[in-house]
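Reviewing the structure listed below.
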Number of protein chains: 2
Amino acid sequence: MNYILKNENAIYYECGYSCDNALYIKLGAEAFFLTDSRYKIEAEQRVVGAEVIIERDLYKTANRILKKSKVKRLNYDSKEWSIFAFEKLTDKLKIKLKPKPDFSHKKRIIKSFEEIETLTIASQLGAEAFDFFADMIRRDGFNRDEYSLTYMAKTALSGYGKYELSFDPIVAVNANASKPHAMPTANILQKKDLLLVDAGLKYKRYCSDRTRTVYANKNFSFDIEQKFKSKKIQKAYDTVLKAHDNAIEKARTGMKAKEVDALTRDIIDKAGFGKYFVHSTGHGVGLDIHEMPYISSKSNTVIEDGMVYTIEPGIYIPDEFGIRIEDMVAMIDGRAVKI
Amino acid sequence: MNYILKNENAIYYECGYSCDNALYIKLGAEAFFLTDSRYKIEAEQRVVGAEVIIERDLYKTANRILKKSKVKRLNYDSKEWSIFAFEKLTDKLKIKLKPKPDFSHKKRIIKSFEEIETLTIASQLGAEAFDFFADMIRRDGFNRDEYSLTYMAKTALSGYGKYELSFDPIVAVNANASKPHAMPTANILQKKDLLLVDAGLKYKRYCSDRTRTVYANKNFSFDIEQKFKSKKIQKAYDTVLKAHDNAIEKARTGMKAKEVDALTRDIIDKAGFGKYFVHSTGHGVGLDIHEMPYISSKSNTVIEDGMVYTIEPGIYIPDEFGIRIEDMVAMIDGRAVKI
């Protein structure tokens with residue numbers, strides 16, 4: 001099959017190296033890695049199985065390579081290509097171009113054994129970083145605002161810069177946690193507050209992703225067992241935890257993704273919090289933080305061994321509080337294994 | 001004029017708020033800001049001059065709004081839109097769509113007085129952060145590797161998380177500095193090494209950008225005057241500095257960008273280092289770290305008052321060392337003023 005890739009992680013998956021200005025072209029047995037002079041040295045050292053070509057205008061160069069080749073059809077991901085770039089790529093080209101949205105994500109939906117191993121290490125490092133972050137907060141985090149706490153989370157998750165982050169951590173106190181995608185505010189963390197942390201790091205380019213919601217007393221930890229003073233919060237927390245555990249326990253290969261979603265959603269619905277669970281149960285994780293499969297109420301994707309995804313039910317009561325508990329699972333021998 | 005925008009900063013420029021999943025539609029006197037439920041609270045508080053619409057599928061919603069409207073033409077930026085998203089947006093739409101590459105960047109090429117003020121503060125905060133980073137290195141940075149130093153740079157530039165960064169800082173020692181876009185390595189910084197730092201922070205979403213190359217003895221600073229032990233390095237450094245100063249001194253409104261580029265390039269050429277200056281002289285800076293105008297040898301853009309851009313000549317001797325000196329200038333009353 002012939003194809004062209006533009007996304008950094010899609011390209012990394014093909015040849016073991018990538019950068020923020022690259023194209024990858026696969027034409028039968030031949031492959032080309034195109035980048036500019038800034039990346040020449042690294043690309044020549046690290047690209048595996050493709051000829052490295054250094055040029056200023058990558059689209060023109062790709063156009064030239066395609067014109068010279070004898071291929072008749074070329075697949076491309078219509079989500080990767082802007083209309084502008086695609087016009088340059090295809091200028092006077094006589095090849096039949098076939099749009100394949102999510103081409104690379106579809107290839108990557110089943111992880112290899114090595115990838116699951118790498119993701120497991122990423123997830124374990126992520127969990128250790130949460131413990132380290134708890135230490136930091138107990139020592140010096142109370143009476144700080146969410147901006148400062150977010151920076152501490154970056155410090156903890158990155159191990160003082162050793163690891164890249166999967167995304168900007170979410171650190172939200174009390175009512176701010178009711179926004180599933182909260183941005184930091186001047187809210188101060190005080191003892192006995194509710195604290196939600198959603199964060200991940202990258203190990204060998206693979207992402208971890210984890211959320212904990214805790215009662216931040218002076219000896220708190222990010223353990224999954226939490227006791228809140230408020231009965232309402234505790235009821236919501238117990239419901240989310242039950243939903244989370246239920247999905248991990250009962251997810252099986254052969255199920256549709258929407259059936260896995262129902263494993264969390266039904267429990268939250270029955271407890272009367274249904275309208276406060278405003279997002280999907282989870283998403284695949286790999287080189288990208290959001291990959292296939294999507295564990296949503298609409299997805300008919302069939303769950304298979306080798307898939308790695310998050311289970312992250314939540315309950316968000318506007319202006320009051322939000323709760324989310326998230327872990328990563330890998331489908332192994334038919335079941336979901338927490339990694 | 002009617003237009004639709006998709007880029008986060010392009011949208012912020014229109015209505016004072018943005019997020020990572022938004023569309024902005026301007027139809028004559030009407031304007032719409034589309035986002036999903038995660039951003040409802042912030043959007044309703046902060047968007048100015050546009051109706052906030054919360055929906056799950058933004059493309060479908062935009063398509064519906066456009067179908068209902070009576071407009072006949074709509075401008076869009078063909079660099080912003082993927083083929084996939086554009087097909088959803090324009091499904092069965094009878095409006096004439098006009099591609100306008102760099103639509104927002106073109107609007108933003110001349111900065112307002114307020115924007116120049118904000119960029120000046122960003123740049124000054126960036127310069128102070130360099131001084132703070134120098135303190136950190138003198139105290140505890142020698143014998144650390146580039147990974148660790150990069151993290152220290154992030155700490156210094158962000159003011160312990162107070163500011164977002166314009167981009168991941170480049171911190172490169174000796175030969176690694178010969179890559180204009182160096183990634184950190186296990187290289188250790190030792191006394192008397194060459195150290196290149198390229199970093200910036202965001203103040204009110206506007207970017208700063210600055211590069212210094214220094215002789216890292218125990219009392220070093222990021223001052224622009226530097227003395228190296230190696231004559232070859234010193235010659236290259238003096239050449240880059242002369243090129244940098246020449247461009248800032250002689251840039252005038254009415255010149256073409258390529259003439260400003262020549263103000264650095266000619267000096268480097270004449271000193272015999274021409275083939276080692278492998279990039280353009282500079283780029284515009286604003287909400288994005290790379291904006292118009294591009295100060296390259298091919299650009300016919302006419303320089304005008306209100307433009308803000310970098311002057312950053314460099315010399316890169318492969319496997320030996322690299323030198324770059326970068327400052328931001330604003331065109332004010334016909335001349336380039338260092339900000």
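Labels used: A, B, ... for chains in the order of the structure tokens, numbers from 1 for residues in each chain, and numbers from 1 for ligands as shown.
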Tell me which protein, DNA and RNA residues are within 10 Å of Ser123 (chain B), counting only C-alpha atoms, leaving out same-chain ones fewer than 6 positions away, and put them as an MDAnalysis selection string. chainID B and resid 117 129 200:203 206:210 327:329 338:339
Using only C-alpha atoms, which chain A residues lie at most 8 Å away from chain B, written as a count of residues only? 25
So that I can check the surroundings of Asp131 (chain B), please list as a ChimeraX atom specification every protein, DNA and RNA residue that reaches within 10 Å of it, counting only C-alpha atoms and ignoring chain neighbours fewer than 6 positions away. /B:125,137,156-157,221-223
Hey, what's within 9 Å of Lys67 (chain A) if we count only C-alpha atoms and toss same-chain stuff fewer than 5 positions away? As a list in words, please? Ala62, Lys92, Leu93, Lys94 and Ile95 of chain A
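Near Glu115 (chain A), within 12 Å and counting only C-alpha atoms, sit Tyr13, Arg108, Ile109, Ile110, Lys111, Ser112, Phe113, Glu117, Thr118, Leu119, Thr120, Ile121, Ala122, Tyr203, Lys204, Arg205, Tyr206, Cys207, Val285, Gly286, Leu287, Gly306, Met307, Val308 and Ala330 of chain A, not including residues fewer than 2 positions from it in the same chain.
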In Å to one decimal, how far is CA of Gly126 (chain A) from CA of Pro169 (chain A)? 11.7 Å
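Considering only C-alpha atoms, the residue among B:Arg46, B:Lys275, B:Lys88, B:Arg212 positioned nearest to Arg64 (chain B) is B:Lys88.
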Do you know which residues are at most 7 Å from Phe33 (chain A) counting only C-alpha atoms, after dropping those on the same chain fewer than 4 positions away, and could you put them as a tab-separated table (two decimals) with N, CA, C and O atoms, in the first residue's frame?
```
chain	number	residue	atom	x	y	z
A	22	ALA	N	7.96	17.35	9.19
A	22	ALA	CA	8.38	16.14	8.48
A	22	ALA	C	7.22	15.59	7.65
A	22	ALA	O	6.05	15.82	7.95
A	23	LEU	N	7.58	14.87	6.60
A	23	LEU	CA	6.61	14.07	5.84
A	23	LEU	C	7.22	12.67	5.69
A	23	LEU	O	8.45	12.52	5.64
A	24	TYR	N	6.34	11.70	5.61
A	24	TYR	CA	6.78	10.31	5.41
A	24	TYR	C	5.99	9.77	4.24
A	24	TYR	O	4.77	9.86	4.22
A	25	ILE	N	6.71	9.22	3.25
A	25	ILE	CA	6.03	8.68	2.07
A	25	ILE	C	6.42	7.22	1.91
A	25	ILE	O	7.62	6.89	1.89
A	50	ALA	N	13.93	4.24	5.91
A	50	ALA	CA	13.46	5.23	4.93
A	50	ALA	C	14.64	6.12	4.53
A	50	ALA	O	15.55	6.36	5.33
A	51	GLU	N	14.61	6.58	3.30
A	51	GLU	CA	15.64	7.50	2.83
A	51	GLU	C	15.36	8.90	3.38
A	51	GLU	O	14.24	9.41	3.26
A	52	VAL	N	16.37	9.52	4.00
A	52	VAL	CA	16.19	10.86	4.56
A	52	VAL	C	16.47	11.90	3.48
A	52	VAL	O	17.51	11.85	2.82
A	53	ILE	N	15.54	12.81	3.29
A	53	ILE	CA	15.69	13.86	2.29
A	53	ILE	C	15.54	15.22	2.99
A	53	ILE	O	14.54	15.46	3.67
```
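Among the residues of region 128-195 of chain A, backbone DSSP assigns alpha helix (DSSP H) to A:Glu128, A:Ala129, A:Phe130, A:Asp131, A:Phe132, A:Phe133, A:Ala134, A:Asp135, A:Met136, A:Ile137, A:Arg138, A:Arg139, A:Asp140, A:Glu146, A:Tyr147, A:Ser148, A:Leu149, A:Thr150, A:Tyr151, A:Met152, A:Ala153, A:Lys154, A:Thr155, A:Ala156, A:Leu157, A:Ser158.
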Write the residues you've just listed into a file as a short mmCIF file (atom, residue, chain, number, x, y, z; two decimals), in the first residue's frame, and include N, CA, C and O atoms for each of them.
```cif
data_model
loop_
_atom_site.label_atom_id
_atom_site.label_comp_id
_atom_site.auth_asym_id
_atom_site.auth_seq_id
_atom_site.Cartn_x
_atom_site.Cartn_y
_atom_site.Cartn_z
N GLU A 128 3.74 6.77 40.30
CA GLU A 128 4.77 7.18 41.27
C GLU A 128 4.85 8.70 41.37
O GLU A 128 5.04 9.26 42.45
N ALA A 129 4.67 9.36 40.23
CA ALA A 129 4.71 10.83 40.23
C ALA A 129 3.55 11.41 41.04
O ALA A 129 3.71 12.44 41.70
N PHE A 130 2.39 10.75 41.00
CA PHE A 130 1.27 11.20 41.84
C PHE A 130 1.66 11.12 43.32
O PHE A 130 1.36 12.03 44.10
N ASP A 131 2.31 10.03 43.71
CA ASP A 131 2.74 9.91 45.11
C ASP A 131 3.72 11.02 45.48
O ASP A 131 3.65 11.61 46.56
N PHE A 132 4.62 11.30 44.55
CA PHE A 132 5.61 12.35 44.78
C PHE A 132 4.90 13.71 44.89
O PHE A 132 5.23 14.54 45.76
N PHE A 133 3.89 13.90 44.04
CA PHE A 133 3.13 15.16 44.09
C PHE A 133 2.39 15.28 45.43
O PHE A 133 2.35 16.36 46.04
N ALA A 134 1.85 14.17 45.92
CA ALA A 134 1.18 14.20 47.24
C ALA A 134 2.16 14.63 48.33
O ALA A 134 1.84 15.47 49.18
N ASP A 135 3.37 14.08 48.27
CA ASP A 135 4.43 14.50 49.22
C ASP A 135 4.65 16.00 49.16
O ASP A 135 4.73 16.69 50.17
N MET A 136 4.78 16.50 47.93
CA MET A 136 5.06 17.92 47.73
C MET A 136 3.92 18.77 48.32
O MET A 136 4.16 19.79 48.95
N ILE A 137 2.69 18.33 48.10
CA ILE A 137 1.55 19.11 48.61
C ILE A 137 1.52 19.07 50.14
O ILE A 137 1.33 20.10 50.79
N ARG A 138 1.71 17.87 50.70
CA ARG A 138 1.67 17.77 52.17
C ARG A 138 2.74 18.67 52.79
O ARG A 138 2.51 19.31 53.81
N ARG A 139 3.90 18.72 52.14
CA ARG A 139 5.01 19.51 52.66
C ARG A 139 4.77 21.01 52.45
O ARG A 139 4.98 21.81 53.35
N ASP A 140 4.31 21.37 51.25
CA ASP A 140 4.34 22.81 50.91
C ASP A 140 3.24 23.23 49.93
O ASP A 140 3.39 24.22 49.23
N GLU A 146 -4.14 27.39 42.52
CA GLU A 146 -4.10 26.33 41.51
C GLU A 146 -2.98 26.54 40.48
O GLU A 146 -2.45 25.57 39.94
N TYR A 147 -2.61 27.78 40.22
CA TYR A 147 -1.49 28.03 39.30
C TYR A 147 -0.22 27.39 39.84
O TYR A 147 0.50 26.67 39.15
N SER A 148 0.03 27.70 41.11
CA SER A 148 1.24 27.20 41.75
C SER A 148 1.19 25.67 41.88
O SER A 148 2.18 24.97 41.63
N LEU A 149 0.02 25.15 42.23
CA LEU A 149 -0.13 23.69 42.35
C LEU A 149 0.04 23.00 41.00
O LEU A 149 0.61 21.91 40.91
N THR A 150 -0.44 23.67 39.94
CA THR A 150 -0.27 23.09 38.60
C THR A 150 1.21 23.02 38.25
O THR A 150 1.68 22.03 37.68
N TYR A 151 1.94 24.05 38.63
CA TYR A 151 3.38 24.01 38.37
C TYR A 151 4.05 22.89 39.17
O TYR A 151 4.92 22.17 38.66
N MET A 152 3.64 22.74 40.43
CA MET A 152 4.17 21.63 41.24
C MET A 152 3.84 20.29 40.58
O MET A 152 4.66 19.37 40.59
N ALA A 153 2.64 20.18 40.03
CA ALA A 153 2.26 18.93 39.35
C ALA A 153 3.17 18.69 38.14
O ALA A 153 3.61 17.56 37.90
N LYS A 154 3.48 19.77 37.42
CA LYS A 154 4.39 19.62 36.26
C LYS A 154 5.78 19.15 36.73
O LYS A 154 6.41 18.32 36.10
N THR A 155 6.22 19.74 37.83
CA THR A 155 7.52 19.37 38.37
C THR A 155 7.53 17.90 38.77
O THR A 155 8.44 17.15 38.44
N ALA A 156 6.47 17.49 39.48
CA ALA A 156 6.40 16.10 39.95
C ALA A 156 6.27 15.13 38.78
O ALA A 156 7.00 14.15 38.69
N LEU A 157 5.35 15.43 37.86
CA LEU A 157 5.10 14.50 36.75
C LEU A 157 6.30 14.40 35.82
O LEU A 157 6.60 13.34 35.29
N SER A 158 6.97 15.52 35.61
CA SER A 158 8.11 15.48 34.70
C SER A 158 9.37 14.99 35.40
O SER A 158 10.39 14.80 34.74
#
```
Residues at most 12 Å from region 291-304 of chain B, counting only C-alpha atoms, excluding those fewer than 2 positions away in the same chain, as a PyMOL selection string? chain B and resi 9-10+102-111+206-207+247+251-266+277-289+306-313+329-336
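The nearest approach to Tyr12 (chain A) among the residues A:Ile248, A:Val47, A:Ala243, A:Ile170, with only C-alpha atoms taken into account, belongs to A:Val47.
Of the listed residues (A:Ala29, A:Ala186, A:Ala43, A:Ala172), A:Ala43 comes nearest to Ile11 (chain A); the distances count only C-alpha atoms.
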